[in-house]
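Engineer: One structure, pasted below without further comment.
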Amino acid sequence: MATDAAGASAGRKGAIPGRGPGGAGKRRRPSGEPPPLPRQLGVSGRVWIALAASLPAVVGVLLAYGALGVAFDRWDSAVLRQVAVLRTDWLTTLMVAVNTVLVSRWTIGILRLGTIVALVGLRRWRHLAIFLGCVVAVALSASQLAIFQARVRPLGVTIIGSWDGFSFPAPPVAALAVTLVGMVYALLPSGRPRSRGKWVVGAILVLLALVRMYLAVDNPSDLVAGIVLGVAIPVVAFRFFAPNEVFPVTYRHAKAAHLDVSGRRGQALRIAVQEQLGLTVLDVQPVGLEGSAGSTPLRLRVAASDGAPERDLFAKLYARSHVRADRSYKLGRTILYGALEDEAPFQSVRRFVEYEDYTLLRLQHMGIPVPAPFGFVEITPEREYLILMEFFTGAQEIGTAPVDDQVIDSGLQLIRQLWDAGLAHRDIKPANLMVRDGQVLLVDAFFVQVRPSPWRQAVDLANMMLVLAVRTDAQRVYQHALKYFSEDEIAEAFAATRGVASPTQLRAVLKQDGRNLMGEFRALAPERQPVAIQHWSLRRIALGVLVLALAVVAALVILHNWAVVA
């Protein structure tokens, strides 16, 4: 990336107007034009929405015009009489067996429970919530339509087999449809596997409809309504609330925070950077994924339209899923520790990038060596944004770089600068510290806090000393730290830092190192009572009770769907 903040700023002055590295070639998106990556339900999604919306309208028309309803019943009966002509003893035995297997409470219950267990095991909580929501929504919709119309079973044809309740829409068909379609969208990757799954589900539903028409258990219109209801709700729900571009179903080992930047998203990213920053993206490569859990870090090879030489930029792709993850993370911290996070969650992905852009500018203004920010681009309004900054070319992560006295002083001086500026980084770990020419460079300013609590600043100091000690030793780092901090400040830092106060990556590195560096630092510093991280409040208690209640409700729903076909 850049040499330092001042050099980066000077390098851009005079050559490029504003902060962005591009000048010419920018394009303002006119009103009404879709963004580079619009939300898409697809043609089939719109068709299913229209079909599902037509069901209440059909029921209303049939109730309002009795003669039309009678004609509808006659048409259904005529179709069933034509099918009944095909009845034979062996075929009837087969049809009864197929119907029993497909709409059995045990069959549907096992399918639903298996899906729930698989989604829990894969930690696809969003897909699990949508799956359960679809099951409940179809059950409620079917019951409301049935009560509203109170339609009887087919007349004029002998019914073979058992049945229960009203006929419209066919409850077992709707239950099987929502289960199978939900399984396809929640468990099968997009592309050929999901397409084949849809064909299989379609064949099963058509077979079931023919079987139940043969047995005269349901009217043809009842079956159509059941299929429409059972298919439309999960199709629309999964495409709207868990689109594949944002929540892909994949079985590759990858963090949920890392989005796929190929395909439509990759093309949209290139268009957005070209139009909003005037840069041509030549290549996009994920970088540093192992140290990032809250965004998708990327390395962009770009060329400016003014003939400037090609260069690399560092970028972070943020989506709405990262906002929800941040909210869940802070909710969990609040329940477990009270005020540990010391801040409120973000409410939108736009606020994510706006805040990180601001903190980069703030850090750069205070002379702290961070990547020079180049602003951010909009991929999809309020849904996906890409923030760009300089790439530290030639720098090494501190976990692999040689650490000498100059590097130790640079790292400790960086924390001193943060303290003096009234800032806390809040995520000091090897992946966020780069070394070049003996200088420690700070990356990932997303967690930076302005006017933080003293506890936050103390934790930053302890984490920095631990990172440096992993590459050297505690005694050496402690002696250098006395140049910038008092003994009491160092003692406070290690009294405040315990367990979760250090980032996950740093805790893993300390465990792998094997030395008790925390204990060595505490032995070197003056003795001080540990700083409590547990804080109790009415909000913490209320949130804990609410989460527990929701867990109980979810467990009851799972048990209900195991035993009952909704």
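In the structure tokens, chains take the letters A, B, ... in the order shown, each chain's residues start at 1, and ligands count up from 1 in the order shown.
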For the contact check between segment 328-438 of chain A and segment 454-468 of chain A, emit one row per residue of segment 328-438 of chain A within 10 Å, containing the shortest atom pair and the distance in Å rounded to one decimal, counting only C-alpha atoms, chain then rising number order, as JSON lines.

Structural biologist:
{"residue": "A:Leu340", "atom": "CA", "partner": "A:Arg456", "partner_atom": "CA", "distance": 9.1}
{"residue": "A:Glu341", "atom": "CA", "partner": "A:Arg456", "partner_atom": "CA", "distance": 9.0}
{"residue": "A:Asp342", "atom": "CA", "partner": "A:Arg456", "partner_atom": "CA", "distance": 8.5}
{"residue": "A:Ile398", "atom": "CA", "partner": "A:Val467", "partner_atom": "CA", "distance": 8.2}
{"residue": "A:Gly399", "atom": "CA", "partner": "A:Val467", "partner_atom": "CA", "distance": 8.1}
{"residue": "A:Val403", "atom": "CA", "partner": "A:Leu468", "partner_atom": "CA", "distance": 7.5}
{"residue": "A:Asp404", "atom": "CA", "partner": "A:Leu468", "partner_atom": "CA", "distance": 9.4}
{"residue": "A:Val407", "atom": "CA", "partner": "A:Leu468", "partner_atom": "CA", "distance": 8.5}
{"residue": "A:Ile408", "atom": "CA", "partner": "A:Leu468", "partner_atom": "CA", "distance": 6.4}
{"residue": "A:Asp409", "atom": "CA", "partner": "A:Leu468", "partner_atom": "CA", "distance": 9.8}
{"residue": "A:Gly411", "atom": "CA", "partner": "A:Met464", "partner_atom": "CA", "distance": 7.0}
{"residue": "A:Leu412", "atom": "CA", "partner": "A:Met464", "partner_atom": "CA", "distance": 7.1}
{"residue": "A:Leu414", "atom": "CA", "partner": "A:Met464", "partner_atom": "CA", "distance": 9.3}
{"residue": "A:Ile415", "atom": "CA", "partner": "A:Leu461", "partner_atom": "CA", "distance": 6.2}
{"residue": "A:Arg416", "atom": "CA", "partner": "A:Leu461", "partner_atom": "CA", "distance": 8.4}
{"residue": "A:Leu418", "atom": "CA", "partner": "A:Gln457", "partner_atom": "CA", "distance": 8.2}
{"residue": "A:Trp419", "atom": "CA", "partner": "A:Gln457", "partner_atom": "CA", "distance": 6.7}
{"residue": "A:Gly422", "atom": "CA", "partner": "A:Gln457", "partner_atom": "CA", "distance": 8.7}
{"residue": "A:Leu423", "atom": "CA", "partner": "A:Gln457", "partner_atom": "CA", "distance": 7.6}
{"residue": "A:Ala424", "atom": "CA", "partner": "A:Gln457", "partner_atom": "CA", "distance": 5.5}
{"residue": "A:His425", "atom": "CA", "partner": "A:Asp460", "partner_atom": "CA", "distance": 6.8}
{"residue": "A:Arg426", "atom": "CA", "partner": "A:Asp460", "partner_atom": "CA", "distance": 6.2}
{"residue": "A:Asp427", "atom": "CA", "partner": "A:Asp460", "partner_atom": "CA", "distance": 7.6}
{"residue": "A:Ile428", "atom": "CA", "partner": "A:Asn463", "partner_atom": "CA", "distance": 6.0}
{"residue": "A:Lys429", "atom": "CA", "partner": "A:Val467", "partner_atom": "CA", "distance": 6.6}
{"residue": "A:Pro430", "atom": "CA", "partner": "A:Val467", "partner_atom": "CA", "distance": 6.4}
{"residue": "A:Leu433", "atom": "CA", "partner": "A:Val467", "partner_atom": "CA", "distance": 9.2}

Engineer: Output N, CA, C and O atoms for every residue in that selection, as an mmCIF file, in the first residue's frame.

Structural biologist:
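Result saved to part_17.cif:
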data_model
loop_
_atom_site.group_PDB
_atom_site.id
_atom_site.type_symbol
_atom_site.label_atom_id
_atom_site.label_comp_id
_atom_site.auth_asym_id
_atom_site.auth_seq_id
_atom_site.Cartn_x
_atom_site.Cartn_y
_atom_site.Cartn_z
ATOM 1 N N LEU A 340 -19.295 -5.069 27.317
ATOM 2 C CA LEU A 340 -17.953 -5.323 26.799
ATOM 3 C C LEU A 340 -17.690 -4.582 25.499
ATOM 4 O O LEU A 340 -16.631 -3.993 25.306
ATOM 5 N N GLU A 341 -18.659 -4.579 24.583
ATOM 6 C CA GLU A 341 -18.434 -3.957 23.283
ATOM 7 C C GLU A 341 -18.448 -2.434 23.353
ATOM 8 O O GLU A 341 -17.903 -1.764 22.510
ATOM 9 N N ASP A 342 -19.125 -1.892 24.340
ATOM 10 C CA ASP A 342 -19.026 -0.456 24.594
ATOM 11 C C ASP A 342 -19.525 0.397 23.427
ATOM 12 O O ASP A 342 -19.044 1.503 23.208
ATOM 13 N N ILE A 398 2.876 -8.801 10.248
ATOM 14 C CA ILE A 398 3.843 -8.834 11.346
ATOM 15 C C ILE A 398 4.100 -10.259 11.833
ATOM 16 O O ILE A 398 5.152 -10.540 12.420
ATOM 17 N N GLY A 399 3.169 -11.151 11.578
ATOM 18 C CA GLY A 399 3.355 -12.538 11.990
ATOM 19 C C GLY A 399 4.424 -13.270 11.212
ATOM 20 O O GLY A 399 4.901 -14.328 11.652
ATOM 21 N N VAL A 403 11.051 -8.974 13.345
ATOM 22 C CA VAL A 403 10.700 -7.966 14.350
ATOM 23 C C VAL A 403 11.955 -7.635 15.150
ATOM 24 O O VAL A 403 12.449 -8.459 15.934
ATOM 25 N N ASP A 404 12.481 -6.431 14.941
ATOM 26 C CA ASP A 404 13.644 -5.966 15.694
ATOM 27 C C ASP A 404 13.242 -4.812 16.596
ATOM 28 O O ASP A 404 12.047 -4.512 16.738
ATOM 29 N N VAL A 407 11.032 -2.138 14.924
ATOM 30 C CA VAL A 407 9.646 -2.552 14.738
ATOM 31 C C VAL A 407 8.897 -2.485 16.069
ATOM 32 O O VAL A 407 7.743 -2.036 16.134
ATOM 33 N N ILE A 408 9.540 -2.931 17.147
ATOM 34 C CA ILE A 408 8.889 -2.872 18.458
ATOM 35 C C ILE A 408 8.551 -1.432 18.826
ATOM 36 O O ILE A 408 7.433 -1.123 19.266
ATOM 37 N N ASP A 409 9.510 -0.527 18.645
ATOM 38 C CA ASP A 409 9.259 0.887 18.949
ATOM 39 C C ASP A 409 8.147 1.454 18.078
ATOM 40 O O ASP A 409 7.300 2.220 18.550
ATOM 41 N N GLY A 411 5.601 -0.155 16.701
ATOM 42 C CA GLY A 411 4.302 -0.655 17.124
ATOM 43 C C GLY A 411 3.806 0.009 18.390
ATOM 44 O O GLY A 411 2.632 0.385 18.503
ATOM 45 N N LEU A 412 4.689 0.189 19.374
ATOM 46 C CA LEU A 412 4.287 0.832 20.630
ATOM 47 C C LEU A 412 3.988 2.313 20.434
ATOM 48 O O LEU A 412 3.058 2.859 21.037
ATOM 49 N N LEU A 414 2.764 3.566 17.776
ATOM 50 C CA LEU A 414 1.459 3.635 17.113
ATOM 51 C C LEU A 414 0.332 3.655 18.155
ATOM 52 O O LEU A 414 -0.615 4.436 18.032
ATOM 53 N N ILE A 415 0.438 2.814 19.190
ATOM 54 C CA ILE A 415 -0.575 2.828 20.248
ATOM 55 C C ILE A 415 -0.546 4.157 21.001
ATOM 56 O O ILE A 415 -1.596 4.700 21.347
ATOM 57 N N ARG A 416 0.632 4.689 21.234
ATOM 58 C CA ARG A 416 0.723 5.983 21.896
ATOM 59 C C ARG A 416 0.028 7.070 21.080
ATOM 60 O O ARG A 416 -0.658 7.944 21.628
ATOM 61 N N LEU A 418 -2.480 6.601 19.014
ATOM 62 C CA LEU A 418 -3.924 6.385 19.154
ATOM 63 C C LEU A 418 -4.432 6.956 20.472
ATOM 64 O O LEU A 418 -5.478 7.619 20.515
ATOM 65 N N TRP A 419 -3.692 6.714 21.551
ATOM 66 C CA TRP A 419 -4.105 7.246 22.852
ATOM 67 C C TRP A 419 -4.155 8.774 22.815
ATOM 68 O O TRP A 419 -5.134 9.380 23.272
ATOM 69 N N GLY A 422 -7.091 10.223 21.139
ATOM 70 C CA GLY A 422 -8.402 9.861 21.680
ATOM 71 C C GLY A 422 -9.096 8.799 20.861
ATOM 72 O O GLY A 422 -10.310 8.832 20.659
ATOM 73 N N LEU A 423 -8.325 7.802 20.401
ATOM 74 C CA LEU A 423 -8.859 6.744 19.551
ATOM 75 C C LEU A 423 -8.467 5.374 20.109
ATOM 76 O O LEU A 423 -7.489 5.246 20.845
ATOM 77 N N ALA A 424 -9.231 4.366 19.727
ATOM 78 C CA ALA A 424 -8.886 2.978 20.018
ATOM 79 C C ALA A 424 -9.149 2.151 18.763
ATOM 80 O O ALA A 424 -10.175 2.319 18.114
ATOM 81 N N HIS A 425 -8.221 1.274 18.429
ATOM 82 C CA HIS A 425 -8.382 0.462 17.225
ATOM 83 C C HIS A 425 -9.348 -0.691 17.465
ATOM 84 O O HIS A 425 -10.138 -1.050 16.599
ATOM 85 N N ARG A 426 -9.278 -1.312 18.639
ATOM 86 C CA ARG A 426 -10.196 -2.350 19.095
ATOM 87 C C ARG A 426 -10.027 -3.696 18.389
ATOM 88 O O ARG A 426 -10.790 -4.615 18.647
ATOM 89 N N ASP A 427 -9.045 -3.832 17.503
ATOM 90 C CA ASP A 427 -8.848 -5.120 16.830
ATOM 91 C C ASP A 427 -7.373 -5.318 16.502
ATOM 92 O O ASP A 427 -7.007 -5.666 15.380
ATOM 93 N N ILE A 428 -6.519 -5.084 17.510
ATOM 94 C CA ILE A 428 -5.083 -5.262 17.316
ATOM 95 C C ILE A 428 -4.771 -6.753 17.298
ATOM 96 O O ILE A 428 -4.932 -7.460 18.290
ATOM 97 N N LYS A 429 -4.301 -7.231 16.141
ATOM 98 C CA LYS A 429 -3.944 -8.630 15.957
ATOM 99 C C LYS A 429 -2.954 -8.717 14.810
ATOM 100 O O LYS A 429 -2.796 -7.755 14.037
ATOM 101 N N PRO A 430 -2.262 -9.843 14.637
ATOM 102 C CA PRO A 430 -1.250 -9.935 13.577
ATOM 103 C C PRO A 430 -1.776 -9.596 12.184
ATOM 104 O O PRO A 430 -1.070 -8.946 11.395
ATOM 105 N N LEU A 433 -1.685 -5.801 11.326
ATOM 106 C CA LEU A 433 -0.424 -5.065 11.490
ATOM 107 C C LEU A 433 0.535 -5.495 10.396
ATOM 108 O O LEU A 433 0.902 -6.667 10.292
#

Engineer: So that I can see what lies close to Leu51 of chain A, please list as a list in words the residues with an atom at most 9 Å from it, counting only C-alpha atoms and leaving out residues fewer than 3 positions away in the same chain.

Structural biologist: Arg46, Val47, Trp48, Ser54, Leu55, Ala225, Val228, Leu229 and Ala232 of chain A

Engineer: Using DSSP secondary structure from the backbone, list all strand (DSSP E) positions within segment 283-379 of chain A, as an NGL selection string.

Structural biologist: :A and (283-286 or 296-304 or 311-319 or 373-379)

Engineer: Include C-alpha atoms and write out the residues we just selected as a CSV table (one decimal), in the first residue's frame.

Structural biologist:
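New file result.csv:
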chain,number,residue,atom,x,y,z
A,283,ASP,CA,-8.4,-8.1,-11.9
A,284,VAL,CA,-10.1,-9.0,-8.6
A,285,GLN,CA,-8.6,-11.4,-6.2
A,286,PRO,CA,-9.6,-12.3,-2.6
A,296,THR,CA,-14.7,-9.8,2.0
A,297,PRO,CA,-11.2,-8.4,1.6
A,298,LEU,CA,-10.1,-8.0,-2.1
A,299,ARG,CA,-7.0,-6.9,-4.1
A,300,LEU,CA,-8.0,-4.9,-7.2
A,301,ARG,CA,-5.7,-4.3,-10.1
A,302,VAL,CA,-6.9,-1.1,-11.6
A,303,ALA,CA,-6.0,1.3,-14.4
A,304,ALA,CA,-7.0,5.0,-14.5
A,311,ARG,CA,-1.7,-0.1,-9.6
A,312,ASP,CA,-3.1,-2.3,-6.8
A,313,LEU,CA,-5.9,-1.2,-4.4
A,314,PHE,CA,-7.1,-2.9,-1.3
A,315,ALA,CA,-10.9,-3.1,-1.1
A,316,LYS,CA,-13.5,-4.5,1.4
A,317,LEU,CA,-16.8,-5.7,0.2
A,318,TYR,CA,-19.6,-5.2,2.7
A,319,ALA,CA,-23.1,-6.6,2.4
A,373,PRO,CA,-8.8,6.1,1.7
A,374,PHE,CA,-10.2,6.4,-1.8
A,375,GLY,CA,-13.9,6.4,-0.9
A,376,PHE,CA,-16.5,3.8,-1.6
A,377,VAL,CA,-18.8,2.7,-4.4
A,378,GLU,CA,-22.4,1.5,-4.3
A,379,ILE,CA,-23.0,-2.0,-5.7

Engineer: When you count only C-alpha atoms, which of these residues is closest to Ala308 of chain A: A:Ala97, A:Val531, A:Ile541, A:Leu279?

Structural biologist: A:Leu279

Engineer: Rounded to one decimal place, report the atom CA of Leu205 of chain A-atom CA of Val249 of chain A distance in Å.

Structural biologist: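 Atom-to-atom, atom CA of Leu205 of chain A and atom CA of Val249 of chain A are spaced 23.8 Å apart.
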
Engineer: Residues within 12 Å of Gln529 of chain A, please, as a list in words. Count only C-alpha atoms; anything in the same chain fewer than 6 positions from it doesn't count.

Structural biologist: Asp488, Ala491, Glu492, Ala493, Phe494, Ala495, Ala496, Thr497 and Arg522 of chain A

Engineer: What does the file look like for those residues with N, CA and C atoms, as a JSON list (two decimals), in the first residue's frame?

Structural biologist:
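What ended up in part.json:
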[["chain", "number", "residue", "atom", "x", "y", "z"],
["A", 488, "ASP", "N", 2.35, 2.01, 35.58],
["A", 488, "ASP", "CA", 0.94, 1.88, 35.97],
["A", 488, "ASP", "C", 0.05, 1.66, 34.74],
["A", 491, "ALA", "N", 0.50, -1.90, 33.69],
["A", 491, "ALA", "CA", -0.19, -2.78, 34.63],
["A", 491, "ALA", "C", -1.69, -2.75, 34.39],
["A", 492, "GLU", "N", -2.22, -1.57, 34.12],
["A", 492, "GLU", "CA", -3.66, -1.44, 33.82],
["A", 492, "GLU", "C", -4.02, -2.23, 32.56],
["A", 493, "ALA", "N", -3.14, -2.17, 31.56],
["A", 493, "ALA", "CA", -3.43, -2.85, 30.29],
["A", 493, "ALA", "C", -3.59, -4.35, 30.50],
["A", 494, "PHE", "N", -2.69, -4.96, 31.28],
["A", 494, "PHE", "CA", -2.78, -6.41, 31.45],
["A", 494, "PHE", "C", -3.77, -6.81, 32.54],
["A", 495, "ALA", "N", -4.19, -5.85, 33.36],
["A", 495, "ALA", "CA", -5.28, -6.13, 34.29],
["A", 495, "ALA", "C", -6.62, -6.10, 33.56],
["A", 496, "ALA", "N", -6.68, -5.35, 32.46],
["A", 496, "ALA", "CA", -7.93, -5.22, 31.68],
["A", 496, "ALA", "C", -8.07, -6.30, 30.62],
["A", 497, "THR", "N", -6.96, -6.93, 30.23],
["A", 497, "THR", "CA", -6.98, -7.86, 29.10],
["A", 497, "THR", "C", -7.01, -9.30, 29.59],
["A", 522, "ARG", "N", 2.48, -9.68, 33.31],
["A", 522, "ARG", "CA", 1.90, -9.32, 34.60],
["A", 522, "ARG", "C", 2.93, -9.41, 35.72]]

Engineer: Report the distance between atom CA of Arg112 of chain A and atom CA of Leu223 of chain A in Å, rounded to one decimal place.

Structural biologist: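 Here the two named atoms are 21.2 Å from each other.
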
Engineer: When you look at segment 193-199 of chain A with a cut-off of 10 Å (counting only C-alpha atoms), what residues show up, excluding the ones that are within fewer than 3 positions of it in the same chain? I need them as a compact mmCIF listing (two decimals) with N, CA and C atoms, in the first residue's frame.

Structural biologist:
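Contents of part_23.txt, freshly written:
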# COMPACT_ATOMS: atom_id res chain seq x y z
N LEU A 180 -40.34 -29.86 0.22
CA LEU A 180 -39.39 -30.22 -0.83
C LEU A 180 -38.74 -28.98 -1.45
N VAL A 181 -39.54 -27.96 -1.75
CA VAL A 181 -38.96 -26.74 -2.34
C VAL A 181 -38.03 -26.06 -1.35
N MET A 183 -36.25 -27.53 0.90
CA MET A 183 -35.02 -28.33 0.92
C MET A 183 -34.13 -28.00 -0.27
N VAL A 184 -34.74 -27.82 -1.44
CA VAL A 184 -33.97 -27.51 -2.64
C VAL A 184 -33.22 -26.19 -2.47
N TYR A 185 -33.90 -25.16 -1.99
CA TYR A 185 -33.28 -23.84 -1.88
C TYR A 185 -32.32 -23.75 -0.69
N ALA A 186 -32.56 -24.53 0.36
CA ALA A 186 -31.72 -24.43 1.56
C ALA A 186 -30.50 -25.35 1.51
N LEU A 187 -30.57 -26.44 0.73
CA LEU A 187 -29.51 -27.43 0.77
C LEU A 187 -28.74 -27.61 -0.52
N LEU A 188 -29.33 -27.27 -1.66
CA LEU A 188 -28.66 -27.51 -2.95
C LEU A 188 -28.00 -26.24 -3.48
N PRO A 189 -26.74 -26.30 -3.91
CA PRO A 189 -26.08 -25.13 -4.47
C PRO A 189 -26.78 -24.65 -5.75
N SER A 190 -26.69 -23.36 -5.99
CA SER A 190 -27.29 -22.79 -7.20
C SER A 190 -26.58 -23.35 -8.44
N GLY A 202 -40.64 -31.15 -8.99
CA GLY A 202 -41.78 -30.99 -9.88
C GLY A 202 -42.39 -32.32 -10.27
N ALA A 203 -41.52 -33.30 -10.57
CA ALA A 203 -42.02 -34.63 -10.94
C ALA A 203 -42.76 -35.28 -9.78
N ILE A 204 -42.24 -35.12 -8.57
CA ILE A 204 -42.89 -35.71 -7.40
C ILE A 204 -44.26 -35.08 -7.17
N LEU A 205 -44.35 -33.77 -7.30
CA LEU A 205 -45.63 -33.09 -7.07
C LEU A 205 -46.65 -33.44 -8.15
N VAL A 249 -25.40 -21.12 -1.20
CA VAL A 249 -25.33 -22.45 -0.59
C VAL A 249 -24.10 -23.14 -1.17

Engineer: For Asp420 of chain A, which residue among A:Arg105, A:Arg74, A:Arg451, A:Arg270 is the nearest when counting only C-alpha atoms?

Structural biologist: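 Selected residue with least distance to Asp420 of chain A: A:Arg451.
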
Engineer: Between A:Pro381, A:Gly288, A:Gly338, A:Pro172, which has the minimum distance to Met434 of chain A (counting only C-alpha atoms)?

Structural biologist: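 Closest to Met434 of chain A, using only C-alpha atoms: A:Gly288.
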
Engineer: With distances taken over only C-alpha atoms, which residue among A:Pro169, A:Gly332, A:Pro371, A:Gly278 lies nearest Arg28 of chain A?

Structural biologist: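 Using only C-alpha atoms, Arg28 of chain A sits closest to A:Gly278.
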
Engineer: Atom CA of Ala395 of chain A and atom CA of Val435 of chain A are how many Å apart?

Structural biologist: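 Distance reported for this atom pair: 5.4 Å.
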
Engineer: Closest to Tyr329 of chain A among A:Ala50, A:Ala344, A:Leu363, A:Leu207, using only C-alpha atoms?

Structural biologist: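 Using only C-alpha atoms, the shortest distance to Tyr329 of chain A belongs to A:Ala344.
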
Engineer: Do you know which residues are at most 8 Å from Pro234 of chain A counting only C-alpha atoms, after dropping those on the same chain fewer than 2 positions away, and could you put them as a PyMOL selection string?

Structural biologist: chain A and resi 130-131+134+178+181-182+230-232+236-238

Engineer: Show me, as a list in words, the residues that have an atom within 10 Å of segment 320-324 of chain A when counting only C-alpha atoms, minus same-chain residues fewer than 5 positions from it.

Structural biologist: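 Those residues are Arg126, Ala242, Val246, Phe247, Ala256, Ala257, His258, Leu259, Ala293, Gly294, Ser295, Thr296, Tyr329, Lys330, Pro345, Phe346, Gln347, Ser348, Val349, Arg350, Arg351, Phe352, Glu382, Arg383, Glu384 and Tyr385 of chain A.
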
Engineer: Could those residues be written to a file, using N, CA and C atoms, as a CSV table (one decimal), in the first residue's frame?

Structural biologist:
chain,number,residue,atom,x,y,z
A,126,ARG,N,-29.8,-18.4,8.7
A,126,ARG,CA,-30.8,-17.7,7.9
A,126,ARG,C,-31.6,-18.6,7.1
A,242,ALA,N,-32.9,-14.6,1.1
A,242,ALA,CA,-31.6,-15.3,1.0
A,242,ALA,C,-31.2,-15.5,-0.4
A,246,VAL,N,-25.9,-13.3,-2.3
A,246,VAL,CA,-25.5,-12.8,-0.9
A,246,VAL,C,-25.3,-14.0,0.0
A,247,PHE,N,-26.2,-15.0,0.0
A,247,PHE,CA,-26.2,-16.1,0.9
A,247,PHE,C,-26.0,-17.4,0.0
A,256,ALA,N,-18.6,-17.5,6.3
A,256,ALA,CA,-19.8,-16.9,5.8
A,256,ALA,C,-19.7,-15.5,5.4
A,257,ALA,N,-18.7,-14.8,6.0
A,257,ALA,CA,-18.5,-13.4,5.7
A,257,ALA,C,-17.9,-13.2,4.3
A,258,HIS,N,-17.3,-14.2,3.7
A,258,HIS,CA,-16.6,-14.0,2.4
A,258,HIS,C,-17.5,-14.3,1.2
A,259,LEU,N,-17.9,-13.3,0.5
A,259,LEU,CA,-18.8,-13.4,-0.6
A,259,LEU,C,-18.1,-13.8,-1.9
A,293,ALA,N,-13.1,-11.7,9.2
A,293,ALA,CA,-14.3,-12.4,9.5
A,293,ALA,C,-15.5,-11.5,9.4
A,294,GLY,N,-15.3,-10.2,9.1
A,294,GLY,CA,-16.4,-9.3,9.0
A,294,GLY,C,-16.6,-8.6,7.7
A,295,SER,N,-15.9,-9.0,6.7
A,295,SER,CA,-16.1,-8.5,5.3
A,295,SER,C,-15.4,-9.4,4.3
A,296,THR,N,-15.4,-9.0,3.1
A,296,THR,CA,-14.7,-9.8,2.0
A,296,THR,C,-13.6,-8.9,1.5
A,329,TYR,N,-23.3,-10.4,16.7
A,329,TYR,CA,-22.1,-10.5,17.5
A,329,TYR,C,-22.2,-9.6,18.7
A,330,LYS,N,-22.7,-8.4,18.5
A,330,LYS,CA,-22.8,-7.5,19.7
A,330,LYS,C,-23.9,-7.8,20.6
A,345,PRO,N,-24.8,-1.3,17.9
A,345,PRO,CA,-24.6,-1.9,16.5
A,345,PRO,C,-25.0,-1.0,15.4
A,346,PHE,N,-24.5,-1.2,14.2
A,346,PHE,CA,-24.8,-0.5,13.0
A,346,PHE,C,-26.2,-0.9,12.5
A,347,GLN,N,-26.9,0.0,11.9
A,347,GLN,CA,-28.3,-0.3,11.4
A,347,GLN,C,-28.3,-0.5,9.9
A,348,SER,N,-27.3,-0.2,9.2
A,348,SER,CA,-27.3,-0.4,7.7
A,348,SER,C,-25.9,-0.6,7.2
A,349,VAL,N,-25.8,-1.2,6.0
A,349,VAL,CA,-24.5,-1.4,5.4
A,349,VAL,C,-23.9,-0.1,5.0
A,350,ARG,N,-24.7,0.9,4.6
A,350,ARG,CA,-24.2,2.2,4.2
A,350,ARG,C,-23.4,2.8,5.4
A,351,ARG,N,-23.9,2.7,6.6
A,351,ARG,CA,-23.3,3.2,7.8
A,351,ARG,C,-21.9,2.5,8.0
A,352,PHE,N,-21.9,1.2,7.7
A,352,PHE,CA,-20.6,0.5,7.7
A,352,PHE,C,-19.5,1.2,7.0
A,382,GLU,N,-28.2,0.3,-0.3
A,382,GLU,CA,-28.5,-0.2,1.1
A,382,GLU,C,-28.3,-1.7,1.2
A,383,ARG,N,-27.5,-2.3,0.3
A,383,ARG,CA,-27.4,-3.7,0.3
A,383,ARG,C,-25.9,-4.1,0.2
A,384,GLU,N,-25.2,-3.6,-0.8
A,384,GLU,CA,-23.8,-3.9,-0.9
A,384,GLU,C,-23.0,-2.7,-1.3
A,385,TYR,N,-21.8,-2.5,-0.7
A,385,TYR,CA,-20.9,-1.4,-0.9
A,385,TYR,C,-19.5,-1.9,-0.9

Engineer: From a DSSP pass on the backbone, collect the residues of segment 279-513 of chain A flagged as helix (DSSP H, G or I) and hand them back as JSON, numbers by chain.

Structural biologist: {"A": [289, 290, 291, 320, 321, 322, 323, 324, 325, 326, 327, 328, 329, 330, 331, 332, 333, 334, 335, 336, 337, 349, 350, 351, 352, 353, 354, 355, 356, 357, 358, 359, 360, 361, 362, 363, 364, 365, 405, 406, 407, 408, 409, 410, 411, 412, 413, 414, 415, 416, 417, 418, 419, 420, 430, 431, 432, 454, 455, 456, 457, 458, 459, 460, 461, 462, 463, 464, 465, 466, 467, 468, 469, 470, 471, 474, 475, 476, 477, 478, 479, 480, 481, 487, 488, 489, 490, 491, 492, 493, 494, 495, 496, 499, 500, 501, 504, 505, 506, 507, 508, 509, 510, 511, 512, 513]}
